[in-house]
>>> print(open('my_file-v8.json').read())   # JSON, C-alpha atoms
[["chain", "number", "residue", "atom", "x", "y", "z"],
["A", 1, "MET", "CA", 20.05, 89.17, -80.22],
["A", 2, "ASP", "CA", 17.27, 91.55, -81.36],
["A", 3, "ASP", "CA", 14.87, 88.59, -81.49],
["A", 4, "VAL", "CA", 15.77, 87.70, -77.90],
["A", 5, "GLN", "CA", 15.19, 91.29, -76.76],
["A", 6, "PHE", "CA", 11.76, 91.20, -78.40],
["A", 7, "GLN", "CA", 10.85, 87.92, -76.68],
["A", 8, "LEU", "CA", 11.85, 89.32, -73.30],
["A", 9, "ALA", "CA", 9.72, 92.39, -73.93],
["A", 10, "GLN", "CA", 6.68, 90.15, -74.43],
["A", 11, "GLU", "CA", 7.14, 88.43, -71.07],
["A", 12, "ASP", "CA", 5.03, 89.74, -68.18],
["A", 13, "SER", "CA", 7.74, 88.73, -65.76],
["A", 14, "MET", "CA", 10.80, 86.53, -65.43],
["A", 15, "ASP", "CA", 9.97, 83.29, -63.61],
["A", 16, "GLY", "CA", 11.75, 81.97, -60.55],
["A", 17, "THR", "CA", 14.41, 80.11, -62.49],
["A", 18, "SER", "CA", 15.34, 83.16, -64.58],
["A", 19, "SER", "CA", 17.89, 85.74, -63.56],
["A", 20, "SER", "CA", 17.72, 89.50, -63.97],
["A", 21, "ALA", "CA", 21.40, 89.39, -64.88],
["A", 22, "VAL", "CA", 20.59, 87.45, -68.05],
["A", 23, "GLU", "CA", 18.02, 90.07, -69.00],
["A", 24, "GLN", "CA", 20.60, 92.79, -68.36],
["A", 25, "VAL", "CA", 23.16, 91.06, -70.59],
["A", 26, "ILE", "CA", 20.62, 90.75, -73.39],
["A", 27, "THR", "CA", 19.22, 94.28, -73.23],
["A", 28, "SER", "CA", 22.21, 96.38, -72.19],
["A", 29, "ASP", "CA", 25.49, 97.44, -73.74],
["A", 30, "SER", "CA", 28.84, 95.65, -73.56],
["A", 31, "SER", "CA", 29.58, 97.00, -70.08],
["A", 32, "VAL", "CA", 27.86, 93.95, -68.58],
["A", 33, "LYS", "CA", 30.31, 91.19, -67.74],
["A", 34, "ASP", "CA", 30.58, 88.07, -69.89],
["A", 35, "VAL", "CA", 30.24, 85.96, -66.75],
["A", 36, "ILE", "CA", 28.57, 86.74, -63.41],
["A", 37, "ARG", "CA", 29.51, 83.91, -61.05],
["A", 38, "GLY", "CA", 26.55, 81.94, -59.81],
["A", 39, "VAL", "CA", 24.11, 84.05, -61.84],
["A", 40, "TYR", "CA", 25.05, 84.08, -65.52],
["A", 41, "GLU", "CA", 27.70, 81.85, -67.10],
["A", 42, "GLY", "CA", 28.15, 83.31, -70.58],
["A", 43, "GLY", "CA", 25.63, 81.23, -72.52],
["A", 44, "LEU", "CA", 24.48, 84.06, -74.76],
["A", 45, "LYS", "CA", 27.75, 84.16, -76.69],
["A", 46, "THR", "CA", 29.32, 81.72, -79.10],
["A", 47, "TRP", "CA", 32.79, 81.28, -77.63],
["A", 48, "GLU", "CA", 35.88, 80.49, -79.69],
["A", 49, "CYS", "CA", 36.48, 77.06, -78.21],
["A", 50, "SER", "CA", 33.02, 75.85, -79.18],
["A", 51, "LEU", "CA", 34.05, 76.48, -82.79],
["A", 52, "ASP", "CA", 37.23, 74.47, -82.17],
["A", 53, "LEU", "CA", 35.13, 71.63, -80.82],
["A", 54, "LEU", "CA", 32.78, 71.86, -83.81],
["A", 55, "GLU", "CA", 35.69, 71.60, -86.26],
["A", 56, "TYR", "CA", 37.21, 68.73, -84.31],
["A", 57, "LEU", "CA", 33.94, 66.79, -84.46],
["A", 58, "ALA", "CA", 33.61, 67.49, -88.17],
["A", 59, "GLU", "CA", 37.10, 66.11, -88.77],
["A", 60, "HIS", "CA", 36.99, 63.13, -86.42],
["A", 61, "GLY", "CA", 33.30, 62.24, -86.23],
["A", 62, "GLY", "CA", 33.66, 59.55, -88.88],
["A", 63, "SER", "CA", 36.03, 57.67, -86.60],
["A", 64, "LEU", "CA", 33.10, 56.90, -84.29],
["A", 65, "GLY", "CA", 32.14, 54.24, -86.83],
["A", 66, "ARG", "CA", 29.14, 52.07, -86.06],
["A", 67, "LEU", "CA", 28.56, 53.82, -82.74],
["A", 68, "ALA", "CA", 27.89, 57.22, -84.34],
["A", 69, "ASN", "CA", 24.34, 56.66, -85.53],
["A", 70, "ASN", "CA", 23.06, 55.73, -82.07],
["A", 71, "LEU", "CA", 25.28, 58.04, -80.09],
["A", 72, "HIS", "CA", 23.95, 59.55, -76.85],
["A", 73, "VAL", "CA", 25.59, 62.97, -76.44],
["A", 74, "LEU", "CA", 25.56, 65.44, -73.57],
["A", 75, "GLU", "CA", 26.77, 69.01, -74.06],
["A", 76, "LEU", "CA", 27.47, 70.92, -70.85],
["A", 77, "GLY", "CA", 27.38, 74.71, -70.92],
["A", 78, "CYS", "CA", 25.94, 74.50, -74.41],
["A", 79, "GLY", "CA", 24.94, 78.13, -75.09],
["A", 80, "THR", "CA", 24.16, 78.25, -78.81],
["A", 81, "GLY", "CA", 24.80, 74.51, -79.00],
["A", 82, "LEU", "CA", 26.92, 74.39, -82.16],
["A", 83, "PRO", "CA", 28.68, 71.08, -81.40],
["A", 84, "SER", "CA", 25.31, 69.46, -80.63],
["A", 85, "LEU", "CA", 23.91, 70.82, -83.88],
["A", 86, "HIS", "CA", 26.72, 69.10, -85.76],
["A", 87, "VAL", "CA", 25.79, 65.80, -84.11],
["A", 88, "LEU", "CA", 22.09, 66.23, -84.92],
["A", 89, "LYS", "CA", 22.73, 67.11, -88.56],
["A", 90, "ASN", "CA", 25.42, 64.56, -89.34],
["A", 91, "MET", "CA", 24.76, 61.48, -87.22],
["A", 92, "ALA", "CA", 21.47, 59.75, -88.00],
["A", 93, "ASN", "CA", 19.45, 58.81, -84.90],
["A", 94, "ALA", "CA", 22.04, 60.25, -82.51],
["A", 95, "SER", "CA", 20.40, 61.99, -79.55],
["A", 96, "VAL", "CA", 21.63, 65.04, -77.68],
["A", 97, "CYS", "CA", 21.01, 66.51, -74.26],
["A", 98, "MET", "CA", 21.94, 70.18, -74.04],
["A", 99, "GLN", "CA", 22.58, 71.86, -70.70],
["A", 100, "ASP", "CA", 23.20, 75.46, -69.76],
["A", 101, "TYR", "CA", 23.27, 77.13, -66.36],
["A", 102, "ASN", "CA", 20.53, 79.62, -67.26],
["A", 103, "ARG", "CA", 17.05, 78.59, -68.28],
["A", 104, "ASP", "CA", 16.71, 81.84, -70.24],
["A", 105, "VAL", "CA", 19.63, 80.80, -72.43],
["A", 106, "ILE", "CA", 18.03, 77.42, -73.16],
["A", 107, "GLU", "CA", 14.63, 78.91, -73.98],
["A", 108, "LEU", "CA", 15.73, 82.01, -75.89],
["A", 109, "ILE", "CA", 18.98, 80.91, -77.52],
["A", 110, "THR", "CA", 19.54, 77.14, -77.60],
["A", 111, "ILE", "CA", 16.10, 75.84, -78.57],
["A", 112, "PRO", "CA", 15.45, 78.50, -81.26],
["A", 113, "ASN", "CA", 18.92, 77.86, -82.70],
["A", 114, "VAL", "CA", 18.31, 74.12, -82.88],
["A", 115, "LEU", "CA", 14.93, 74.62, -84.58],
["A", 116, "ALA", "CA", 16.29, 77.20, -87.02],
["A", 117, "ASN", "CA", 19.11, 74.89, -88.07],
["A", 118, "THR", "CA", 17.24, 71.58, -88.19],
["A", 119, "ALA", "CA", 13.47, 71.27, -88.34],
["A", 120, "LEU", "CA", 12.87, 74.71, -89.85],
["A", 121, "ILE", "CA", 15.78, 74.84, -92.27],
["A", 122, "PRO", "CA", 14.66, 75.18, -95.92],
["A", 123, "ASP", "CA", 15.97, 72.91, -98.63],
["A", 124, "SER", "CA", 19.07, 74.23, -100.35],
["A", 125, "SER", "CA", 20.64, 73.87, -103.74],
["A", 126, "THR", "CA", 24.00, 73.03, -102.19],
["A", 127, "THR", "CA", 24.89, 69.36, -101.94],
["A", 128, "GLY", "CA", 26.09, 69.55, -98.34],
["A", 129, "ASP", "CA", 22.89, 71.13, -97.01],
["A", 130, "LYS", "CA", 20.73, 68.75, -99.01],
["A", 131, "LYS", "CA", 22.58, 65.81, -97.50],
["A", 132, "ALA", "CA", 22.11, 67.17, -93.98],
["A", 133, "ASN", "CA", 18.40, 67.87, -94.55],
["A", 134, "THR", "CA", 17.83, 64.41, -96.02],
["A", 135, "LEU", "CA", 19.56, 62.87, -93.03],
["A", 136, "LEU", "CA", 17.26, 64.76, -90.68],
["A", 137, "LEU", "CA", 14.13, 63.77, -92.59],
["A", 138, "CYS", "CA", 15.13, 60.10, -92.67],
["A", 139, "SER", "CA", 15.97, 59.99, -88.99],
["A", 140, "SER", "CA", 13.59, 60.16, -86.05],
["A", 141, "ASN", "CA", 11.69, 63.33, -85.22],
["A", 142, "ILE", "CA", 14.03, 66.12, -84.14],
["A", 143, "ALA", "CA", 12.06, 66.74, -80.93],
["A", 144, "GLN", "CA", 12.54, 63.11, -79.92],
["A", 145, "ARG", "CA", 16.28, 63.40, -80.40],
["A", 146, "CYS", "CA", 16.75, 66.47, -78.20],
["A", 147, "GLU", "CA", 16.59, 67.14, -74.49],
["A", 148, "PHE", "CA", 17.18, 70.51, -72.85],
["A", 149, "ILE", "CA", 18.06, 71.02, -69.19],
["A", 150, "SER", "CA", 19.22, 73.98, -67.13],
["A", 151, "GLY", "CA", 20.69, 74.55, -63.71],
["A", 152, "ASP", "CA", 23.72, 74.03, -61.53],
["A", 153, "TRP", "CA", 25.86, 70.96, -62.24],
["A", 154, "ALA", "CA", 25.54, 69.62, -58.69],
["A", 155, "ARG", "CA", 21.75, 69.81, -58.84],
["A", 156, "ILE", "CA", 21.70, 68.15, -62.27],
["A", 157, "GLU", "CA", 23.88, 65.32, -61.01],
["A", 158, "SER", "CA", 21.53, 64.76, -58.07],
["A", 159, "THR", "CA", 18.49, 64.75, -60.37],
["A", 160, "MET", "CA", 20.08, 62.34, -62.83],
["A", 161, "ARG", "CA", 20.97, 59.93, -60.03],
["A", 162, "LYS", "CA", 17.43, 60.03, -58.68],
["A", 163, "GLN", "CA", 16.15, 59.23, -62.17],
["A", 164, "GLY", "CA", 18.57, 56.31, -62.50],
["A", 165, "ARG", "CA", 20.32, 57.88, -65.49],
["A", 166, "GLU", "CA", 23.93, 57.38, -64.46],
["A", 167, "HIS", "CA", 26.43, 56.41, -67.18],
["A", 168, "THR", "CA", 24.05, 56.99, -70.09],
["A", 169, "PHE", "CA", 26.10, 59.26, -72.40],
["A", 170, "ASP", "CA", 28.64, 57.91, -74.87],
["A", 171, "LEU", "CA", 30.12, 61.33, -75.59],
["A", 172, "ILE", "CA", 30.15, 64.41, -73.37],
["A", 173, "LEU", "CA", 31.10, 67.77, -74.88],
["A", 174, "THR", "CA", 31.92, 70.99, -73.09],
["A", 175, "SER", "CA", 33.70, 74.18, -74.09],
["A", 176, "GLU", "CA", 34.87, 77.23, -72.14],
["A", 177, "THR", "CA", 33.72, 75.76, -68.82],
["A", 178, "ILE", "CA", 36.98, 75.34, -66.88],
["A", 179, "TYR", "CA", 37.76, 79.02, -66.25],
["A", 180, "ASP", "CA", 36.83, 78.82, -62.55],
["A", 181, "THR", "CA", 38.57, 76.28, -60.31],
["A", 182, "THR", "CA", 35.75, 76.46, -57.75],
["A", 183, "ASN", "CA", 33.53, 74.60, -60.23],
["A", 184, "TYR", "CA", 35.98, 71.78, -60.95],
["A", 185, "LYS", "CA", 34.56, 69.36, -58.38],
["A", 186, "LYS", "CA", 30.98, 69.80, -59.61],
["A", 187, "LEU", "CA", 32.03, 69.37, -63.23],
["A", 188, "HIS", "CA", 34.24, 66.36, -62.51],
["A", 189, "ASP", "CA", 31.56, 64.69, -60.37],
["A", 190, "LEU", "CA", 28.95, 65.19, -63.09],
["A", 191, "LEU", "CA", 31.25, 63.74, -65.75],
["A", 192, "ALA", "CA", 31.96, 60.71, -63.56],
["A", 193, "CYS", "CA", 28.23, 60.27, -63.02],
["A", 194, "MET", "CA", 27.10, 60.61, -66.64],
["A", 195, "LEU", "CA", 29.82, 59.11, -68.85],
["A", 196, "ALA", "CA", 28.93, 55.62, -70.08],
["A", 197, "ARG", "CA", 31.07, 52.61, -69.26],
["A", 198, "PRO", "CA", 33.37, 51.28, -72.00],
["A", 199, "ILE", "CA", 31.53, 49.09, -74.50],
["A", 200, "SER", "CA", 34.27, 46.49, -74.42],
["A", 201, "SER", "CA", 37.38, 46.43, -72.27],
["A", 202, "SER", "CA", 39.14, 44.50, -75.00],
["A", 203, "SER", "CA", 38.43, 47.04, -77.73],
["A", 204, "THR", "CA", 41.52, 48.39, -79.45],
["A", 205, "ASP", "CA", 39.69, 51.30, -81.07],
["A", 206, "ASP", "CA", 39.80, 54.28, -78.71],
["A", 207, "PHE", "CA", 36.91, 55.96, -80.52],
["A", 208, "PHE", "CA", 34.61, 53.18, -79.33],
["A", 209, "VAL", "CA", 35.41, 54.10, -75.75],
["A", 210, "PRO", "CA", 33.04, 56.65, -74.16],
["A", 211, "ALA", "CA", 34.83, 59.96, -73.87],
["A", 212, "VAL", "CA", 34.62, 63.56, -72.72],
["A", 213, "LEU", "CA", 35.92, 66.34, -74.98],
["A", 214, "VAL", "CA", 36.82, 69.56, -73.16],
["A", 215, "ALA", "CA", 37.62, 72.59, -75.31],
["A", 216, "ALA", "CA", 39.25, 75.48, -73.49],
["A", 217, "LYS", "CA", 41.71, 78.34, -73.62],
["A", 218, "SER", "CA", 45.11, 77.38, -72.25],
["A", 219, "ILE", "CA", 44.97, 80.36, -69.87],
["A", 220, "TYR", "CA", 42.04, 82.48, -68.69],
["A", 221, "PHE", "CA", 43.61, 85.79, -67.81],
["A", 222, "GLY", "CA", 42.26, 87.24, -64.58],
["A", 223, "LEU", "CA", 40.48, 84.00, -63.69],
["A", 224, "SER", "CA", 41.54, 81.00, -61.63],
["A", 225, "GLY", "CA", 41.14, 78.24, -64.19],
["A", 226, "SER", "CA", 43.37, 77.02, -67.00],
["A", 227, "VAL", "CA", 44.05, 73.87, -68.98],
["A", 228, "LEU", "CA", 46.96, 73.06, -66.67],
["A", 229, "THR", "CA", 44.97, 73.47, -63.44],
["A", 230, "PHE", "CA", 42.12, 71.34, -64.83],
["A", 231, "VAL", "CA", 44.45, 68.59, -66.02],
["A", 232, "GLN", "CA", 46.13, 68.55, -62.61],
["A", 233, "TYR", "CA", 42.75, 68.31, -60.86],
["A", 234, "VAL", "CA", 41.60, 65.42, -63.05],
["A", 235, "GLN", "CA", 44.88, 63.57, -62.54],
["A", 236, "LYS", "CA", 44.67, 64.08, -58.79],
["A", 237, "CYS", "CA", 41.17, 62.56, -58.69],
["A", 238, "GLY", "CA", 42.55, 59.47, -60.42],
["A", 239, "ILE", "CA", 39.31, 58.42, -62.16],
["A", 240, "PHE", "CA", 39.95, 59.60, -65.71],
["A", 241, "HIS", "CA", 42.84, 59.48, -68.12],
["A", 242, "ILE", "CA", 43.21, 62.93, -69.70],
["A", 243, "GLU", "CA", 45.24, 63.98, -72.73],
["A", 244, "SER", "CA", 45.48, 66.88, -75.16],
["A", 245, "VAL", "CA", 44.24, 65.86, -78.62],
["A", 246, "TRP", "CA", 44.29, 69.25, -80.35],
["A", 247, "GLN", "CA", 46.09, 72.57, -79.93],
["A", 248, "SER", "CA", 45.64, 75.86, -81.77],
["A", 249, "ARG", "CA", 48.41, 77.40, -83.79],
["A", 250, "GLY", "CA", 47.42, 80.99, -83.07],
["A", 251, "SER", "CA", 48.79, 83.41, -80.51],
["A", 252, "MET", "CA", 45.92, 82.72, -78.12],
["A", 253, "GLY", "CA", 46.48, 79.17, -76.89],
["A", 254, "ARG", "CA", 43.46, 76.89, -77.12],
["A", 255, "GLU", "CA", 43.25, 73.14, -76.62],
["A", 256, "ILE", "CA", 40.90, 70.19, -76.72],
["A", 257, "LEU", "CA", 41.31, 67.62, -73.96],
["A", 258, "ARG", "CA", 40.01, 64.05, -74.13],
["A", 259, "MET", "CA", 39.00, 62.21, -70.97],
["A", 260, "THR", "CA", 38.32, 58.47, -70.73],
["A", 261, "TRP", "CA", 37.96, 56.05, -67.84],
["A", 262, "ARG", "CA", 41.41, 55.32, -66.44],
["A", 263, "ASP", "CA", 40.74, 51.71, -65.48],
["A", 264, "LYS", "CA", 38.65, 50.26, -68.30],
["A", 265, "LYS", "CA", 38.37, 46.85, -66.63],
["A", 266, "LYS", "CA", 37.13, 48.35, -63.39],
["A", 267, "TYR", "CA", 34.64, 50.69, -64.98]]
>>> encode(input="my_file-v8.json", output="structure tokens")
Amino acid sequence: MDDVQFQLAQEDSMDGTSSSAVEQVITSDSSVKDVIRGVYEGGLKTWECSLDLLEYLAEHGGSLGRLANNLHVLELGCGTGLPSLHVLKNMANASVCMQDYNRDVIELITIPNVLANTALIPDSSTTGDKKANTLLLCSSNIAQRCEFISGDWARIESTMRKQGREHTFDLILTSETIYDTTNYKKLHDLLACMLARPISSSSTDDFFVPAVLVAAKSIYFGLSGSVLTFVQYVQKCGIFHIESVWQSRGSMGREILRMTWRDKKKY
């Protein structure tokens, strides 16, 4: 965070897409809220559920089989982008698009974190890191495999439609983004716009079916959203099948939900 404070200090001013609230969160003490609705959405922190999603990908990523190496991945509300980093470092030629509400988060947190953990990472004596580095060097240039976007989900959906980019992502990842029920429609509409169609309606391997993975706390105390309210919303819309594929064993309930097209033949 000290590096981010230094970068902000070098800026003459915050541009029109930046928010003073983000600057306050970076430069002030812990009295600033984790989330300021419509202004700052928590992208400066690494939230617990993003770690759950990272571990889930590490455990189940191999099940993507032949699709993995050419996977097109979208991470919504990426923040530090840990799940996307796993994809970049472990799936040759996979591409990722990372989105966060705040442009400051993308420029000062996400992009530097991606560079520090991929293109700029030194060789290591450990086998695991060597394997990851070799994979990166053998694959296409890291800059060509990454895209970074910021802004409100409704605006992003509109932009993607104008660019003719509907249904282009095989896997969509998001963590800690369902805490506010007022955002459910925008999130659901964006997922329905961006998730790719099934590769084959006759496929018996679920991991070859484009999917959304939603990592979240079961209950967000003091907030309107929860796993239950989100599942109910998705079921009411009737477009996606949604199921819980992972649950934490700790006292604080956390889950990972998997969403796929409900009618594979139709979509």
>>> atom_distance(input="my_file-v8.json", atom1="CA of Gly225 in chain A", atom2="CA of Lys185 in chain A")
12.5 Å
>>> atom_distance(input="my_file-v8.json", atom1="CA of Tyr56 in chain A", atom2="CA of His72 in chain A")
17.8 Å
>>> atom_distance(input="my_file-v8.json", atom1="CA of Cys146 in chain A", atom2="CA of Val96 in chain A")
5.1 Å
>>> closest_residue(input="my_file-v8.json", among="A:Val105, A:Val214, A:Ile149, A:Leu82", to="Ile256 in chain A", atoms="only C-alpha atoms")
A:Val214
>>> decode(input="my_file-v8.json", residues="range 89-100 of chain A", atoms="all heavy atoms", output="mmCIF file, in the first residue's frame")
data_model
loop_
_atom_site.group_PDB
_atom_site.id
_atom_site.type_symbol
_atom_site.label_atom_id
_atom_site.label_comp_id
_atom_site.auth_asym_id
_atom_site.auth_seq_id
_atom_site.Cartn_x
_atom_site.Cartn_y
_atom_site.Cartn_z
ATOM 1 N N LYS A 89 -0.699 -17.965 -14.979
ATOM 2 C CA LYS A 89 0.538 -18.671 -14.661
ATOM 3 C C LYS A 89 0.446 -20.178 -14.856
ATOM 4 O O LYS A 89 1.465 -20.863 -14.878
ATOM 5 C CB LYS A 89 0.960 -18.365 -13.221
ATOM 6 C CG LYS A 89 1.280 -16.900 -12.980
ATOM 7 C CD LYS A 89 1.826 -16.652 -11.596
ATOM 8 C CE LYS A 89 3.235 -17.189 -11.467
ATOM 9 N NZ LYS A 89 3.907 -16.739 -10.225
ATOM 10 N N ASN A 90 -0.762 -20.697 -15.002
ATOM 11 C CA ASN A 90 -0.897 -22.150 -15.046
ATOM 12 C C ASN A 90 -1.644 -22.680 -16.262
ATOM 13 O O ASN A 90 -1.759 -23.897 -16.410
ATOM 14 C CB ASN A 90 -1.607 -22.640 -13.775
ATOM 15 C CG ASN A 90 -0.750 -22.433 -12.537
ATOM 16 O OD1 ASN A 90 0.142 -23.218 -12.253
ATOM 17 N ND2 ASN A 90 -1.013 -21.354 -11.811
ATOM 18 N N MET A 91 -2.131 -21.799 -17.118
ATOM 19 C CA MET A 91 -2.847 -22.243 -18.310
ATOM 20 C C MET A 91 -2.249 -21.545 -19.522
ATOM 21 O O MET A 91 -2.509 -20.363 -19.768
ATOM 22 C CB MET A 91 -4.345 -21.940 -18.184
ATOM 23 C CG MET A 91 -5.009 -22.637 -17.021
ATOM 24 S SD MET A 91 -6.771 -22.234 -16.890
ATOM 25 C CE MET A 91 -7.187 -23.088 -15.351
ATOM 26 N N ALA A 92 -1.416 -22.264 -20.263
ATOM 27 C CA ALA A 92 -0.717 -21.675 -21.401
ATOM 28 C C ALA A 92 -1.703 -21.114 -22.413
ATOM 29 O O ALA A 92 -2.672 -21.770 -22.787
ATOM 30 C CB ALA A 92 0.165 -22.728 -22.061
ATOM 31 N N ASN A 93 -1.449 -19.877 -22.838
ATOM 32 C CA ASN A 93 -2.234 -19.203 -23.880
ATOM 33 C C ASN A 93 -3.636 -18.797 -23.448
ATOM 34 O O ASN A 93 -4.387 -18.249 -24.252
ATOM 35 C CB ASN A 93 -2.319 -20.056 -25.156
ATOM 36 C CG ASN A 93 -0.949 -20.335 -25.748
ATOM 37 O OD1 ASN A 93 -0.099 -19.453 -25.773
ATOM 38 N ND2 ASN A 93 -0.729 -21.553 -26.194
ATOM 39 N N ALA A 94 -4.022 -19.090 -22.214
ATOM 40 C CA ALA A 94 -5.304 -18.586 -21.728
ATOM 41 C C ALA A 94 -5.225 -17.067 -21.633
ATOM 42 O O ALA A 94 -4.176 -16.501 -21.317
ATOM 43 C CB ALA A 94 -5.635 -19.189 -20.367
ATOM 44 N N SER A 95 -6.333 -16.393 -21.906
ATOM 45 C CA SER A 95 -6.374 -14.940 -21.817
ATOM 46 C C SER A 95 -7.344 -14.528 -20.722
ATOM 47 O O SER A 95 -8.312 -15.235 -20.443
ATOM 48 C CB SER A 95 -6.792 -14.323 -23.152
ATOM 49 O OG SER A 95 -8.106 -14.745 -23.503
ATOM 50 N N VAL A 96 -7.072 -13.378 -20.105
ATOM 51 C CA VAL A 96 -7.928 -12.909 -19.024
ATOM 52 C C VAL A 96 -8.297 -11.446 -19.243
ATOM 53 O O VAL A 96 -7.490 -10.655 -19.732
ATOM 54 C CB VAL A 96 -7.257 -13.069 -17.638
ATOM 55 C CG1 VAL A 96 -7.006 -14.523 -17.324
ATOM 56 C CG2 VAL A 96 -5.963 -12.272 -17.557
ATOM 57 N N CYS A 97 -9.520 -11.129 -18.887
ATOM 58 C CA CYS A 97 -9.993 -9.750 -18.848
ATOM 59 C C CYS A 97 -10.362 -9.460 -17.403
ATOM 60 O O CYS A 97 -11.190 -10.162 -16.821
ATOM 61 C CB CYS A 97 -11.206 -9.572 -19.761
ATOM 62 S SG CYS A 97 -11.935 -7.915 -19.707
ATOM 63 N N MET A 98 -9.718 -8.461 -16.817
ATOM 64 C CA MET A 98 -9.932 -8.151 -15.405
ATOM 65 C C MET A 98 -10.676 -6.825 -15.262
ATOM 66 O O MET A 98 -10.256 -5.818 -15.831
ATOM 67 C CB MET A 98 -8.591 -8.103 -14.666
ATOM 68 C CG MET A 98 -8.001 -9.471 -14.432
ATOM 69 S SD MET A 98 -6.308 -9.436 -13.760
ATOM 70 C CE MET A 98 -5.390 -9.629 -15.288
ATOM 71 N N GLN A 99 -11.768 -6.861 -14.509
ATOM 72 C CA GLN A 99 -12.610 -5.679 -14.337
ATOM 73 C C GLN A 99 -12.724 -5.314 -12.868
ATOM 74 O O GLN A 99 -12.865 -6.169 -11.996
ATOM 75 C CB GLN A 99 -14.014 -5.946 -14.899
ATOM 76 C CG GLN A 99 -15.006 -4.802 -14.721
ATOM 77 C CD GLN A 99 -15.756 -4.806 -13.380
ATOM 78 O OE1 GLN A 99 -15.839 -5.836 -12.714
ATOM 79 N NE2 GLN A 99 -16.299 -3.668 -12.984
ATOM 80 N N ASP A 100 -12.648 -4.024 -12.605
ATOM 81 C CA ASP A 100 -12.964 -3.511 -11.272
ATOM 82 C C ASP A 100 -13.748 -2.215 -11.440
ATOM 83 O O ASP A 100 -13.637 -1.542 -12.471
ATOM 84 C CB ASP A 100 -11.698 -3.256 -10.448
ATOM 85 C CG ASP A 100 -12.015 -3.151 -8.957
ATOM 86 O OD1 ASP A 100 -12.323 -2.042 -8.480
ATOM 87 O OD2 ASP A 100 -11.973 -4.194 -8.280
#
